[in-house]
Amino acid sequence: MANLKLYLPAIIWLVVILILSGYPGNQLPKIAVWQFDKWVHTLMYGVLSFLVLIPYSKQFSVKGNRFKIGLFIILFGIFYGGFMEILQNNIFINRSGNWIDFIANSLGAIIGVVTYPIMIKLVPINRWLKIK
């Protein structure tokens with residue numbers, strides 16, 4: 001139970017993505033920048049990958065584990081992104097799933113894992129969460 005705090009940021013972010021994905025599309029603000037929402041999708045899933053990797057920081061630092069853990073987290077992000085697009089298409093009101101959003105979600109999951117080693121050096125997450 002003590003390690004639950006390591007998973008809490010990722011769980012909260014999963015809920016944030018769920019809420020934002022279910023928010024009625026006709027009530028979202030219109031932004032003039034073309035395809036701005038694709039960047040938002042990519043950023044949201046990049047952050048998700050980053051937050052899911054935090055509890056696995058110790059294992060991820062071992063070179064033999066990086067590929068397996070990274071692949072698992074990328075696949076998790078792709079699955080969750082696909083699940084959100086299916087929910088938008090079939091369940092959520094005034095929302096529609098789309099392949100381009102799914103690709104942006106997947107790209108974000110990949111970018112989050114690939115940039116994690118760099119970001120963890122810039123952002124002192126390990127120190128805040130007391131990960132050794």
# chains A, B, ... in the order shown; residues from 1 in each chain; ligands from 1
call {"tool": "residues_around", "arguments": {"residues": "region 50-56 of chain A", "least_positions_apart": "2", "cutoff": "9 Å", "atoms": "only C-alpha atoms", "output": "MDAnalysis selection string"}}
result
chainID A and resid 3 5:11 13 45:48 58:61 69:70 73 109 112:113 115:116 119:120 125:126 131
call {"tool": "residues_around", "arguments": {"residues": "Ile17 (chain A)", "least_positions_apart": "4", "cutoff": "12 Å", "atoms": "only C-alpha atoms", "output": "list of chain:residue names"}}
result
A:Ala10, A:Ile11, A:Ile12, A:Trp13, A:Ser21, A:Gly22, A:Tyr23, A:Val40, A:His41, A:Thr42, A:Leu43, A:Met44, A:Tyr45, A:Gly46, A:Val47, A:Leu48, A:Gly77, A:Tyr80, A:Gly81, A:Phe83, A:Met84, A:Glu85, A:Leu87, A:Gln88, A:Asn105
call {"tool": "write_last_selection", "arguments": {"atoms": "N, CA and C atoms", "output": "short mmCIF file (atom, residue, chain, number, x, y, z; two decimals), in the first residue's frame"}}
result
data_model
loop_
_atom_site.label_atom_id
_atom_site.label_comp_id
_atom_site.auth_asym_id
_atom_site.auth_seq_id
_atom_site.Cartn_x
_atom_site.Cartn_y
_atom_site.Cartn_z
N ALA A 10 -0.35 8.49 -12.17
CA ALA A 10 -0.80 7.84 -13.41
C ALA A 10 -2.29 7.54 -13.35
N ILE A 11 -2.78 7.09 -12.21
CA ILE A 11 -4.21 6.79 -12.07
C ILE A 11 -5.04 8.06 -12.23
N ILE A 12 -4.58 9.14 -11.60
CA ILE A 12 -5.30 10.42 -11.73
C ILE A 12 -5.30 10.87 -13.18
N TRP A 13 -4.16 10.72 -13.87
CA TRP A 13 -4.07 11.14 -15.27
C TRP A 13 -4.96 10.27 -16.16
N SER A 21 -11.95 12.87 -22.64
CA SER A 21 -12.40 12.13 -23.81
C SER A 21 -13.92 12.03 -23.86
N GLY A 22 -14.56 12.03 -22.70
CA GLY A 22 -16.02 11.92 -22.66
C GLY A 22 -16.76 13.23 -22.69
N TYR A 23 -16.01 14.34 -22.57
CA TYR A 23 -16.64 15.65 -22.58
C TYR A 23 -17.27 15.90 -23.94
N VAL A 40 -2.57 17.94 -28.74
CA VAL A 40 -3.09 17.71 -27.38
C VAL A 40 -3.14 16.21 -27.09
N HIS A 41 -3.63 15.41 -28.06
CA HIS A 41 -3.66 13.96 -27.89
C HIS A 41 -2.26 13.42 -27.65
N THR A 42 -1.32 13.86 -28.46
CA THR A 42 0.06 13.39 -28.34
C THR A 42 0.63 13.76 -26.97
N LEU A 43 0.39 14.98 -26.55
CA LEU A 43 0.89 15.43 -25.25
C LEU A 43 0.25 14.65 -24.10
N MET A 44 -1.06 14.44 -24.16
CA MET A 44 -1.76 13.72 -23.08
C MET A 44 -1.22 12.30 -22.91
N TYR A 45 -0.98 11.62 -24.01
CA TYR A 45 -0.50 10.24 -23.91
C TYR A 45 1.00 10.16 -23.66
N GLY A 46 1.74 11.20 -24.02
CA GLY A 46 3.15 11.28 -23.63
C GLY A 46 3.27 11.43 -22.12
N VAL A 47 2.44 12.28 -21.55
CA VAL A 47 2.42 12.46 -20.09
C VAL A 47 1.98 11.15 -19.42
N LEU A 48 1.01 10.48 -20.00
CA LEU A 48 0.56 9.20 -19.44
C LEU A 48 1.71 8.20 -19.38
N GLY A 77 -0.39 2.33 -23.38
CA GLY A 77 -0.86 3.61 -23.89
C GLY A 77 -1.64 3.46 -25.18
N TYR A 80 -5.05 1.91 -24.23
CA TYR A 80 -5.93 2.88 -23.57
C TYR A 80 -6.41 3.94 -24.57
N GLY A 81 -5.51 4.39 -25.45
CA GLY A 81 -5.90 5.35 -26.48
C GLY A 81 -6.94 4.78 -27.43
N PHE A 83 -9.01 2.32 -26.69
CA PHE A 83 -10.22 2.16 -25.89
C PHE A 83 -10.99 3.48 -25.79
N MET A 84 -10.28 4.58 -25.60
CA MET A 84 -10.93 5.90 -25.52
C MET A 84 -11.59 6.26 -26.85
N GLU A 85 -10.93 5.93 -27.96
CA GLU A 85 -11.53 6.23 -29.27
C GLU A 85 -12.78 5.37 -29.51
N LEU A 87 -14.75 4.25 -27.09
CA LEU A 87 -15.78 4.85 -26.23
C LEU A 87 -16.34 6.12 -26.86
N GLN A 88 -15.48 6.94 -27.44
CA GLN A 88 -15.95 8.17 -28.08
C GLN A 88 -16.87 7.86 -29.25
N ASN A 105 -2.49 9.46 -30.23
CA ASN A 105 -2.39 8.85 -28.90
C ASN A 105 -1.21 7.89 -28.85
#
call {"tool": "atom_distance", "arguments": {"atom1": "CA of Ile118 (chain A)", "atom2": "CA of Ile78 (chain A)"}}
result
21.7 Å
call {"tool": "atom_distance", "arguments": {"atom1": "CA of Asp101 (chain A)", "atom2": "CA of Pro117 (chain A)"}}
result
25.8 Å
call {"tool": "closest_residue", "arguments": {"among": "A:Ile103, A:Lys121, A:Ile19, A:Leu4", "to": "Trp39 (chain A)", "atoms": "only C-alpha atoms"}}
result
A:Ile103
call {"tool": "atom_distance", "arguments": {"atom1": "CA of Phe36 (chain A)", "atom2": "CA of Ile111 (chain A)"}}
result
17.4 Å
call {"tool": "select_by_dssp", "arguments": {"residues": "region 30-78 of chain A", "states": "alpha helix (DSSP H)", "output": "ChimeraX atom specification"}}
result
/A:36-53,57-60,63-78
